[in-house]
$ cat start_6.csv   # CSV, C-alpha atoms
chain,number,residue,atom,x,y,z
A,157,MET,CA,0.0,0.0,0.0
A,158,ALA,CA,1.2,3.4,-0.9
A,159,TYR,CA,2.2,5.8,1.8
A,160,ARG,CA,-0.6,8.1,2.9
A,161,PRO,CA,0.4,11.3,4.5
A,162,SER,CA,-1.0,11.8,8.0
A,163,LYS,CA,-3.9,14.2,8.2
A,164,ARG,CA,-3.0,15.2,11.7
A,165,ALA,CA,0.5,16.3,10.9
A,166,LYS,CA,0.9,19.8,9.6
A,167,HIS,CA,1.6,20.2,5.9
A,168,GLY,CA,2.1,23.9,5.4
A,169,PHE,CA,4.0,25.6,2.7
A,170,GLU,CA,7.7,25.5,3.0
A,171,TRP,CA,10.0,27.7,1.0
A,172,VAL,CA,12.6,25.8,-1.0
A,173,ASP,CA,15.3,28.0,-2.5
A,174,THR,CA,16.5,27.2,-6.0
A,175,ASN,CA,20.0,26.2,-5.9
A,176,VAL,CA,21.7,28.9,-8.1
A,177,THR,CA,25.3,28.0,-7.3
A,178,PRO,CA,25.9,26.0,-10.6
A,179,MET,CA,24.3,28.9,-12.5
A,180,MET,CA,26.6,31.3,-10.7
A,181,ASN,CA,29.6,29.1,-11.6
A,182,LEU,CA,28.6,29.2,-15.2
A,183,MET,CA,28.2,33.0,-15.2
A,184,VAL,CA,31.5,33.5,-13.5
A,185,VAL,CA,33.2,31.6,-16.3
A,186,LEU,CA,31.2,32.9,-19.2
A,187,ILE,CA,31.5,36.6,-18.4
A,188,PRO,CA,35.3,36.9,-18.4
A,189,LEU,CA,35.3,34.8,-21.5
A,190,LEU,CA,33.0,37.1,-23.3
A,191,LEU,CA,34.6,40.2,-21.9
A,192,THR,CA,37.9,39.3,-23.5
A,193,SER,CA,36.4,38.8,-26.9
A,194,ALA,CA,33.9,41.7,-26.8
A,195,GLU,CA,34.3,44.4,-29.4
A,196,PHE,CA,33.7,47.7,-27.8
A,197,VAL,CA,35.2,50.0,-30.5
A,198,LYS,CA,33.8,49.1,-33.8
A,199,LEU,CA,36.6,49.4,-36.3
A,200,GLY,CA,36.3,49.3,-40.1
A,201,VAL,CA,38.6,49.6,-43.0
A,202,ILE,CA,38.4,51.5,-46.3
A,203,GLU,CA,40.0,49.5,-49.0
A,204,LEU,CA,42.3,51.2,-51.5
A,205,ASN,CA,44.1,49.0,-53.9
A,206,LEU,CA,46.6,50.5,-56.1
A,207,PRO,CA,48.2,48.7,-59.0
A,208,PRO,CA,51.7,47.6,-57.9
A,209,ALA,CA,54.4,50.1,-58.7
A,210,ALA,CA,55.4,49.9,-62.3
A,211,GLN,CA,59.0,48.8,-62.6
A,212,GLY,CA,61.3,49.3,-65.4
A,213,GLN,CA,58.8,50.9,-67.6
A,214,THR,CA,60.5,53.3,-69.9
A,215,ALA,CA,59.1,55.9,-72.2
A,216,LEU,CA,59.5,53.6,-75.1
A,217,ASP,CA,57.4,50.9,-73.5
A,218,MET,CA,54.8,53.5,-72.8
A,219,GLN,CA,54.8,54.5,-76.5
A,220,ALA,CA,54.4,50.9,-77.5
A,221,MET,CA,51.3,50.5,-75.4
A,222,PRO,CA,48.0,50.7,-77.1
A,223,VAL,CA,46.3,54.1,-76.9
A,224,GLU,CA,43.0,54.2,-75.1
A,225,GLU,CA,40.2,54.7,-77.6
A,226,THR,CA,37.2,54.7,-75.3
A,227,LYS,CA,36.2,58.0,-73.8
A,228,LYS,CA,36.2,58.0,-70.1
A,229,LEU,CA,34.3,60.0,-67.6
A,230,ASP,CA,37.2,60.6,-65.2
A,231,LEU,CA,34.9,62.1,-62.5
A,232,THR,CA,36.9,64.0,-60.0
A,233,VAL,CA,35.9,65.7,-56.8
A,234,THR,CA,38.4,68.3,-55.5
A,235,ILE,CA,38.2,69.3,-51.9
A,236,THR,CA,39.3,72.8,-51.3
A,237,ASP,CA,39.0,75.1,-48.3
A,238,GLN,CA,36.0,76.8,-50.1
A,239,GLY,CA,34.1,73.6,-50.8
A,240,PHE,CA,33.9,70.9,-53.4
A,241,PHE,CA,34.6,71.2,-57.1
A,242,ILE,CA,33.2,68.4,-59.3
A,243,SER,CA,34.8,67.9,-62.7
A,244,SER,CA,35.0,65.3,-65.4
A,245,SER,CA,36.8,64.9,-68.7
A,246,LEU,CA,34.0,66.9,-70.2
A,247,ALA,CA,33.6,69.9,-68.0
A,248,VAL,CA,33.9,71.4,-64.5
A,249,LEU,CA,30.5,71.8,-62.9
A,250,SER,CA,30.4,75.5,-61.9
A,251,GLY,CA,28.8,76.8,-58.8
A,252,ASP,CA,26.4,79.7,-58.6
A,253,ARG,CA,29.0,82.1,-60.1
A,254,GLU,CA,32.2,81.9,-62.1
A,255,GLY,CA,35.1,80.4,-60.2
A,256,ALA,CA,33.0,79.4,-57.2
A,257,PRO,CA,33.1,75.8,-56.0
A,258,THR,CA,30.3,73.5,-57.3
A,259,ILE,CA,29.2,72.9,-53.7
A,260,PRO,CA,30.3,75.7,-51.4
A,261,LEU,CA,30.8,75.4,-47.6
A,262,ILE,CA,27.6,75.9,-45.6
A,263,GLU,CA,27.3,77.6,-42.3
A,264,ASP,CA,26.4,75.5,-39.3
A,265,GLU,CA,26.2,77.0,-35.8
A,266,GLY,CA,28.7,79.7,-36.6
A,267,SER,CA,31.3,77.6,-38.3
A,268,MET,CA,31.7,76.6,-42.0
A,269,ILE,CA,31.3,72.9,-42.7
A,270,TYR,CA,31.3,70.8,-45.9
A,271,ASP,CA,28.0,70.0,-47.4
A,272,PHE,CA,28.4,66.2,-47.8
A,273,ASP,CA,24.6,65.6,-48.4
A,274,LYS,CA,24.5,68.0,-51.3
A,275,LEU,CA,27.7,66.4,-52.8
A,276,SER,CA,26.0,63.0,-52.7
A,277,GLU,CA,22.9,64.4,-54.3
A,278,ARG,CA,24.9,66.0,-57.2
A,279,LEU,CA,26.9,62.8,-57.7
A,280,LEU,CA,23.6,60.8,-57.9
A,281,GLU,CA,22.4,63.1,-60.6
A,282,ILE,CA,25.7,62.6,-62.5
A,283,LYS,CA,25.6,58.9,-62.0
A,284,GLN,CA,22.1,58.7,-63.4
A,285,ALA,CA,23.1,60.9,-66.4
A,286,ALA,CA,26.3,59.0,-67.1
A,287,GLN,CA,25.1,55.5,-66.6
A,288,GLY,CA,25.7,53.4,-69.7
A,289,LYS,CA,27.5,56.2,-71.6
A,290,PHE,CA,30.9,55.7,-70.1
A,291,PRO,CA,32.9,52.7,-69.0
A,292,ASP,CA,33.9,54.1,-65.7
A,293,THR,CA,30.7,55.0,-63.9
A,294,ASP,CA,31.9,53.2,-60.7
A,295,GLN,CA,35.1,55.1,-60.3
A,296,ILE,CA,35.8,58.5,-58.8
A,297,ILE,CA,39.0,60.3,-58.1
A,298,LEU,CA,39.4,62.4,-55.0
A,299,LEU,CA,41.8,65.3,-54.9
A,300,ALA,CA,42.4,67.5,-51.9
A,301,GLU,CA,44.3,70.6,-51.0
A,302,PRO,CA,47.4,69.8,-48.9
A,303,ASP,CA,45.9,71.2,-45.7
A,304,ILE,CA,42.5,69.3,-45.8
A,305,ASN,CA,42.3,67.0,-42.8
A,306,TYR,CA,41.9,63.3,-42.9
A,307,GLN,CA,38.4,63.2,-41.5
A,308,THR,CA,37.1,65.4,-44.3
A,309,VAL,CA,38.8,63.1,-46.9
A,310,VAL,CA,37.2,60.1,-45.3
A,311,SER,CA,33.8,61.7,-45.1
A,312,THR,CA,34.0,62.8,-48.7
A,313,MET,CA,34.8,59.2,-49.6
A,314,ASP,CA,31.7,58.1,-47.7
A,315,ALA,CA,29.6,60.7,-49.5
A,316,SER,CA,30.9,59.6,-52.9
A,317,ARG,CA,30.6,55.9,-52.3
A,318,SER,CA,26.9,55.7,-51.5
A,319,ILE,CA,23.8,57.8,-50.8
A,320,ARG,CA,20.8,57.0,-48.6
A,321,VAL,CA,17.6,57.4,-50.5
A,322,GLU,CA,14.4,56.6,-48.7
A,323,GLY,CA,16.1,54.4,-46.1
A,324,SER,CA,18.1,52.2,-48.5
A,325,LEU,CA,21.7,52.7,-49.6
A,326,VAL,CA,22.2,53.4,-53.3
A,327,PRO,CA,25.8,52.9,-54.5
A,328,LEU,CA,27.2,55.9,-56.3
A,329,PHE,CA,30.9,55.5,-57.2
A,330,PRO,CA,32.2,52.7,-55.0
A,331,GLU,CA,35.7,52.6,-56.5
A,332,VAL,CA,37.3,55.7,-54.9
A,333,ALA,CA,40.9,56.6,-55.8
A,334,LEU,CA,43.0,59.2,-54.1
A,335,SER,CA,45.0,61.5,-56.3
A,336,ALA,CA,48.2,63.3,-55.2
A,337,GLY,CA,47.5,66.3,-57.3
A,338,VAL,CA,49.9,69.1,-57.6
A,339,PHE,CA,51.4,70.4,-54.4
B,104,MET,CA,20.3,52.0,27.4
B,105,ALA,CA,20.3,50.1,24.2
B,106,TYR,CA,17.1,48.8,22.7
B,107,ARG,CA,16.4,45.2,23.7
B,108,PRO,CA,13.9,43.4,21.4
B,109,SER,CA,10.8,42.2,23.2
B,110,HIS,CA,10.2,38.5,23.3
B,111,ARG,CA,6.5,39.0,23.8
B,112,LYS,CA,6.0,41.0,20.7
B,113,GLY,CA,7.6,38.2,18.7
B,114,HIS,CA,10.8,40.1,17.7
B,115,LYS,CA,13.2,37.5,16.5
B,116,THR,CA,16.5,37.5,18.3
B,117,GLY,CA,17.6,34.0,17.6
B,118,SER,CA,20.6,33.1,15.6
B,119,GLY,CA,18.5,32.0,12.6
B,120,GLU,CA,20.1,30.8,9.5
B,121,VAL,CA,21.0,33.7,7.2
B,122,ARG,CA,20.8,33.0,3.5
B,123,LEU,CA,22.6,34.9,0.8
B,124,GLN,CA,20.2,36.5,-1.6
B,125,LEU,CA,21.5,35.7,-5.0
B,126,THR,CA,18.5,36.6,-7.1
B,127,SER,CA,19.4,40.2,-7.8
B,128,MET,CA,23.0,39.2,-8.6
B,129,MET,CA,21.6,36.7,-11.1
B,130,ASP,CA,19.5,39.4,-12.7
B,131,MET,CA,22.6,41.5,-13.1
B,132,PHE,CA,24.6,38.7,-14.5
B,133,THR,CA,21.9,37.8,-17.0
B,134,ILE,CA,21.8,41.4,-18.3
B,135,ILE,CA,25.6,41.6,-18.6
B,136,LEU,CA,25.7,38.2,-20.3
B,137,VAL,CA,23.1,39.3,-23.0
B,138,PHE,CA,25.1,42.6,-23.5
B,139,LEU,CA,28.4,40.8,-23.9
B,140,LEU,CA,26.9,38.3,-26.3
B,141,LYS,CA,25.7,41.2,-28.4
B,142,THR,CA,29.1,42.7,-28.6
B,143,TYR,CA,30.8,39.4,-29.2
B,144,SER,CA,33.1,39.2,-32.2
B,145,THR,CA,34.4,35.9,-33.4
B,146,HIS,CA,37.7,37.2,-34.8
B,147,GLY,CA,38.7,39.3,-31.7
B,148,GLN,CA,40.6,42.5,-32.1
B,149,LEU,CA,42.7,42.4,-35.2
B,150,ILE,CA,43.7,46.0,-35.0
B,151,SER,CA,44.3,47.7,-31.8
B,152,PRO,CA,43.9,51.5,-32.2
B,153,SER,CA,46.8,53.6,-31.0
B,154,GLN,CA,46.6,55.7,-27.9
B,155,ASP,CA,47.9,59.0,-29.2
B,156,LEU,CA,45.6,59.5,-32.1
B,157,THR,CA,41.9,59.7,-32.9
B,158,LEU,CA,40.8,57.7,-36.0
B,159,PRO,CA,38.3,59.3,-38.4
B,160,SER,CA,34.8,57.9,-38.4
B,161,SER,CA,33.2,56.6,-41.5
B,162,ARG,CA,30.0,54.8,-42.6
B,163,VAL,CA,32.0,52.0,-44.2
B,164,GLN,CA,31.0,48.5,-43.3
B,165,HIS,CA,34.1,46.6,-44.2
B,166,PRO,CA,35.5,44.5,-41.3
B,167,PRO,CA,39.2,45.0,-40.4
B,168,GLU,CA,41.8,42.7,-41.9
B,169,MET,CA,45.3,41.6,-40.9
B,170,GLY,CA,48.2,43.5,-42.4
B,171,LEU,CA,51.3,45.4,-41.7
B,172,ASP,CA,50.4,48.1,-39.3
B,173,VAL,CA,51.5,51.7,-40.2
B,174,THR,CA,50.5,54.3,-37.7
B,175,VAL,CA,50.7,58.0,-38.4
B,176,SER,CA,50.2,59.8,-35.2
B,177,THR,CA,50.6,63.5,-34.5
B,178,ASP,CA,54.3,63.1,-33.6
B,179,TRP,CA,55.6,59.9,-35.1
B,180,ILE,CA,55.2,57.4,-37.9
B,181,LEU,CA,55.3,53.9,-36.5
B,182,VAL,CA,55.5,50.5,-38.3
B,183,ASN,CA,54.3,47.6,-36.2
B,184,ASP,CA,54.4,49.9,-33.1
B,185,GLN,CA,58.1,50.7,-33.7
B,186,ALA,CA,58.9,54.4,-34.2
B,187,VAL,CA,60.4,55.1,-37.6
B,188,VAL,CA,60.4,58.8,-38.3
B,189,ARG,CA,59.3,62.0,-36.7
B,190,MET,CA,56.4,63.9,-38.3
B,191,ALA,CA,58.5,67.1,-38.0
B,192,ASP,CA,61.2,65.5,-40.1
B,193,VAL,CA,58.7,64.3,-42.7
B,194,ALA,CA,57.2,67.8,-43.0
B,195,ALA,CA,60.7,69.3,-43.6
B,196,GLN,CA,61.4,66.9,-46.4
B,197,GLN,CA,60.7,67.5,-50.1
B,198,GLY,CA,59.0,65.2,-52.5
B,199,PHE,CA,56.5,62.4,-52.0
B,200,LEU,CA,58.7,59.6,-50.8
B,201,ILE,CA,59.5,59.3,-47.1
B,202,PRO,CA,63.0,57.6,-47.2
B,203,LYS,CA,63.1,56.2,-43.7
B,204,LEU,CA,59.6,54.7,-44.0
B,205,ASN,CA,60.4,53.4,-47.4
B,206,GLU,CA,63.5,51.6,-46.0
B,207,THR,CA,61.6,50.0,-43.2
B,208,LEU,CA,58.7,48.9,-45.3
B,209,ALA,CA,61.0,47.5,-48.0
B,210,ARG,CA,62.7,45.5,-45.2
B,211,TYR,CA,59.4,44.1,-44.1
B,212,ALA,CA,58.4,43.4,-47.7
B,213,SER,CA,61.7,41.5,-48.4
B,214,GLU,CA,61.3,39.4,-45.2
B,215,ALA,CA,57.7,38.6,-46.1
B,216,LYS,CA,58.8,37.6,-49.6
B,217,LYS,CA,61.5,35.4,-48.2
B,218,LEU,CA,58.8,33.7,-46.1
B,219,GLU,CA,56.7,33.3,-49.2
B,220,GLU,CA,59.5,31.5,-51.0
B,221,GLN,CA,60.6,29.3,-48.2
B,222,TYR,CA,57.3,28.4,-46.4
B,223,GLY,CA,54.6,29.4,-48.9
B,224,VAL,CA,53.1,32.1,-46.7
B,225,ARG,CA,51.5,34.3,-49.4
B,226,PHE,CA,52.6,37.9,-49.3
B,227,SER,CA,49.5,40.0,-49.8
B,228,GLY,CA,51.0,43.4,-49.8
B,229,LYS,CA,48.4,44.6,-47.3
B,230,VAL,CA,49.1,47.5,-45.1
B,231,THR,CA,46.7,49.0,-42.6
B,232,ILE,CA,47.1,52.7,-42.1
B,233,GLN,CA,46.0,54.4,-38.9
B,234,GLY,CA,46.0,58.1,-39.2
B,235,ASP,CA,44.9,60.9,-36.9
B,236,ARG,CA,41.7,62.6,-38.0
B,237,ASN,CA,43.5,65.9,-38.2
B,238,LEU,CA,46.3,64.6,-40.4
B,239,PRO,CA,46.7,66.9,-43.4
B,240,TYR,CA,46.1,65.4,-46.8
B,241,ARG,CA,49.7,66.2,-47.8
B,242,GLU,CA,51.2,63.8,-45.2
B,243,LEU,CA,48.5,61.2,-45.8
B,244,ILE,CA,49.2,61.0,-49.5
B,245,ARG,CA,53.0,60.9,-48.9
B,246,VAL,CA,52.6,57.9,-46.5
B,247,MET,CA,50.3,56.2,-49.1
B,248,TYR,CA,52.7,56.9,-51.9
B,249,THR,CA,55.6,55.5,-49.9
B,250,CYS,CA,53.6,52.3,-49.1
B,251,GLY,CA,52.8,51.9,-52.8
B,252,GLN,CA,56.5,52.3,-53.6
B,253,SER,CA,57.6,49.8,-51.0
B,254,ASN,CA,55.6,46.8,-52.4
B,255,TYR,CA,52.6,47.4,-50.2
B,256,PRO,CA,49.9,48.5,-52.7
B,257,ASN,CA,46.9,47.2,-50.9
B,258,MET,CA,46.1,49.8,-48.4
B,259,ARG,CA,43.4,49.7,-45.7
B,260,LEU,CA,42.5,53.0,-44.0
B,261,VAL,CA,41.4,52.2,-40.4
B,262,VAL,CA,38.3,54.1,-39.3
B,263,TYR,CA,35.8,54.0,-36.5
B,264,LYS,CA,32.5,52.6,-37.8
B,265,GLU,CA,29.6,55.0,-37.3
B,266,GLU,CA,26.5,53.3,-36.0
B,267,GLU,CA,23.5,54.0,-38.3
$ encode --input "start_6.csv" --output "structure tokens"
Amino acid sequence: MAYRPSKRAKHGFEWVDTNVTPMMNLMVVLIPLLLTSAEFVKLGVIELNLPPAAQGQTALDMQAMPVEETKKLDLTVTITDQGFFISSSLAVLSGDREGAPTIPLIEDEGSMIYDFDKLSERLLEIKQAAQGKFPDTDQIILLAEPDINYQTVVSTMDASRSIRVEGSLVPLFPEVALSAGVF
Amino acid sequence: MAYRPSHRKGHKTGSGEVRLQLTSMMDMFTIILVFLLKTYSTHGQLISPSQDLTLPSSRVQHPPEMGLDVTVSTDWILVNDQAVVRMADVAAQQGFLIPKLNETLARYASEAKKLEEQYGVRFSGKVTIQGDRNLPYRELIRVMYTCGQSNYPNMRLVVYKEEE
């Protein structure tokens, strides 16, 4: 016969604590492990691949090379202390007056800053107009004045690589090259 | 006179068993665990940013890669954390090439090429460039030119990823 609990004896509630010690052990091991492999600063890299340095190429070799026949766009964005100049093999896009930058600096809280959004918009227009007509509608050349800082160059690269239209990223000119220019 | 707890009122004075309350600590640990799992990265830190410079921030989504590390801080140019040339000396020089940096990079390149010949470790020509966000374009392009001239044409500019 099965054991029947006595009715006379008291059977009240009794608090039984969960044994959390194994769980604690697990946490104590897991947390240092994850801490060591946590990525607090998100780093990224911008890829710039140059053709390897040409070696032993003389002027004669250069002459023997076939001449390029196709017309290229050669889109160039020049960063100056007044703003951006956009130019191509065909023309230099002029600003609101002669000699003014295509996209001038804008004023923001008392200081002059570069208008990266406007640059992206103009480049989108150019991309749409040039698509299919030129072989190099993925390439853009960046040129900067010697005193332009690194952050501005990187932000300009971002602005010319893609644009956010209605929440989705549209590629503009993903192959960015830096040009040394004339110093 | 100090307060003496009354026995009649049922104030407990006995040496009852005291248990450690671990529930709140468990709550805390659970939150920390979830947070750490979110920031978990499988490849660890491939590039450790230098102390004496602030990297520029960018919207780029490309993850970092291994490569020879060239750091251009405000005072020094370092290759694999070893000082090579002072920025002041670089600024005083003419032309694009930075001779000391070129020398060092060429040495690394020839060592890497030797490794490639002997052990088959492929030499990728990758170099990661860490530059301060206020570095003028003039110096940046000179460093890049020197890297290109020293058999390191595949450059990676290290940036902070901007959260979107």
$ interface_residues --input "start_6.csv" --of "chain B" --to "chain A" --cutoff "7 Å" --atoms "only C-alpha atoms" --output "PyMOL selection string"
chain B and resi 132+136+139-140+142-144+147+159+161-167+236-241+244+251-252+254+256-264
$ write_last_selection --input "start_6.csv" --atoms "C-alpha atoms" --output "PDB file, in the coordinates of the input"
ATOM      1  CA  PHE B 132      24.600  38.700 -14.500  1.00  0.00           C
ATOM      2  CA  LEU B 136      25.700  38.200 -20.300  1.00  0.00           C
ATOM      3  CA  LEU B 139      28.400  40.800 -23.900  1.00  0.00           C
ATOM      4  CA  LEU B 140      26.900  38.300 -26.300  1.00  0.00           C
ATOM      5  CA  THR B 142      29.100  42.700 -28.600  1.00  0.00           C
ATOM      6  CA  TYR B 143      30.800  39.400 -29.200  1.00  0.00           C
ATOM      7  CA  SER B 144      33.100  39.200 -32.200  1.00  0.00           C
ATOM      8  CA  GLY B 147      38.700  39.300 -31.700  1.00  0.00           C
ATOM      9  CA  PRO B 159      38.300  59.300 -38.400  1.00  0.00           C
ATOM     10  CA  SER B 161      33.200  56.600 -41.500  1.00  0.00           C
ATOM     11  CA  ARG B 162      30.000  54.800 -42.600  1.00  0.00           C
ATOM     12  CA  VAL B 163      32.000  52.000 -44.200  1.00  0.00           C
ATOM     13  CA  GLN B 164      31.000  48.500 -43.300  1.00  0.00           C
ATOM     14  CA  HIS B 165      34.100  46.600 -44.200  1.00  0.00           C
ATOM     15  CA  PRO B 166      35.500  44.500 -41.300  1.00  0.00           C
ATOM     16  CA  PRO B 167      39.200  45.000 -40.400  1.00  0.00           C
ATOM     17  CA  ARG B 236      41.700  62.600 -38.000  1.00  0.00           C
ATOM     18  CA  ASN B 237      43.500  65.900 -38.200  1.00  0.00           C
ATOM     19  CA  LEU B 238      46.300  64.600 -40.400  1.00  0.00           C
ATOM     20  CA  PRO B 239      46.700  66.900 -43.400  1.00  0.00           C
ATOM     21  CA  TYR B 240      46.100  65.400 -46.800  1.00  0.00           C
ATOM     22  CA  ARG B 241      49.700  66.200 -47.800  1.00  0.00           C
ATOM     23  CA  ILE B 244      49.200  61.000 -49.500  1.00  0.00           C
ATOM     24  CA  GLY B 251      52.800  51.900 -52.800  1.00  0.00           C
ATOM     25  CA  GLN B 252      56.500  52.300 -53.600  1.00  0.00           C
ATOM     26  CA  ASN B 254      55.600  46.800 -52.400  1.00  0.00           C
ATOM     27  CA  PRO B 256      49.900  48.500 -52.700  1.00  0.00           C
ATOM     28  CA  ASN B 257      46.900  47.200 -50.900  1.00  0.00           C
ATOM     29  CA  MET B 258      46.100  49.800 -48.400  1.00  0.00           C
ATOM     30  CA  ARG B 259      43.400  49.700 -45.700  1.00  0.00           C
ATOM     31  CA  LEU B 260      42.500  53.000 -44.000  1.00  0.00           C
ATOM     32  CA  VAL B 261      41.400  52.200 -40.400  1.00  0.00           C
ATOM     33  CA  VAL B 262      38.300  54.100 -39.300  1.00  0.00           C
ATOM     34  CA  TYR B 263      35.800  54.000 -36.500  1.00  0.00           C
ATOM     35  CA  LYS B 264      32.500  52.600 -37.800  1.00  0.00           C
TER      36      LYS B 264
END
$ atom_distance --input "start_6.csv" --atom1 "CA of Ala247 (chain A)" --atom2 "CA of Val326 (chain A)"
24.9 Å
$ closest_residue --input "start_6.csv" --among "A:Ser243, A:Ser250, A:Gln238, A:Thr232" --to "Phe329 (chain A)" --atoms "all atoms listed in the file"
A:Thr232
$ atom_distance --input "start_6.csv" --atom1 "CA of Ile262 (chain A)" --atom2 "CA of Leu231 (chain A)"
23.0 Å
$ atom_distance --input "start_6.csv" --atom1 "CA of Tyr270 (chain A)" --atom2 "CA of Asp294 (chain A)"
23.0 Å
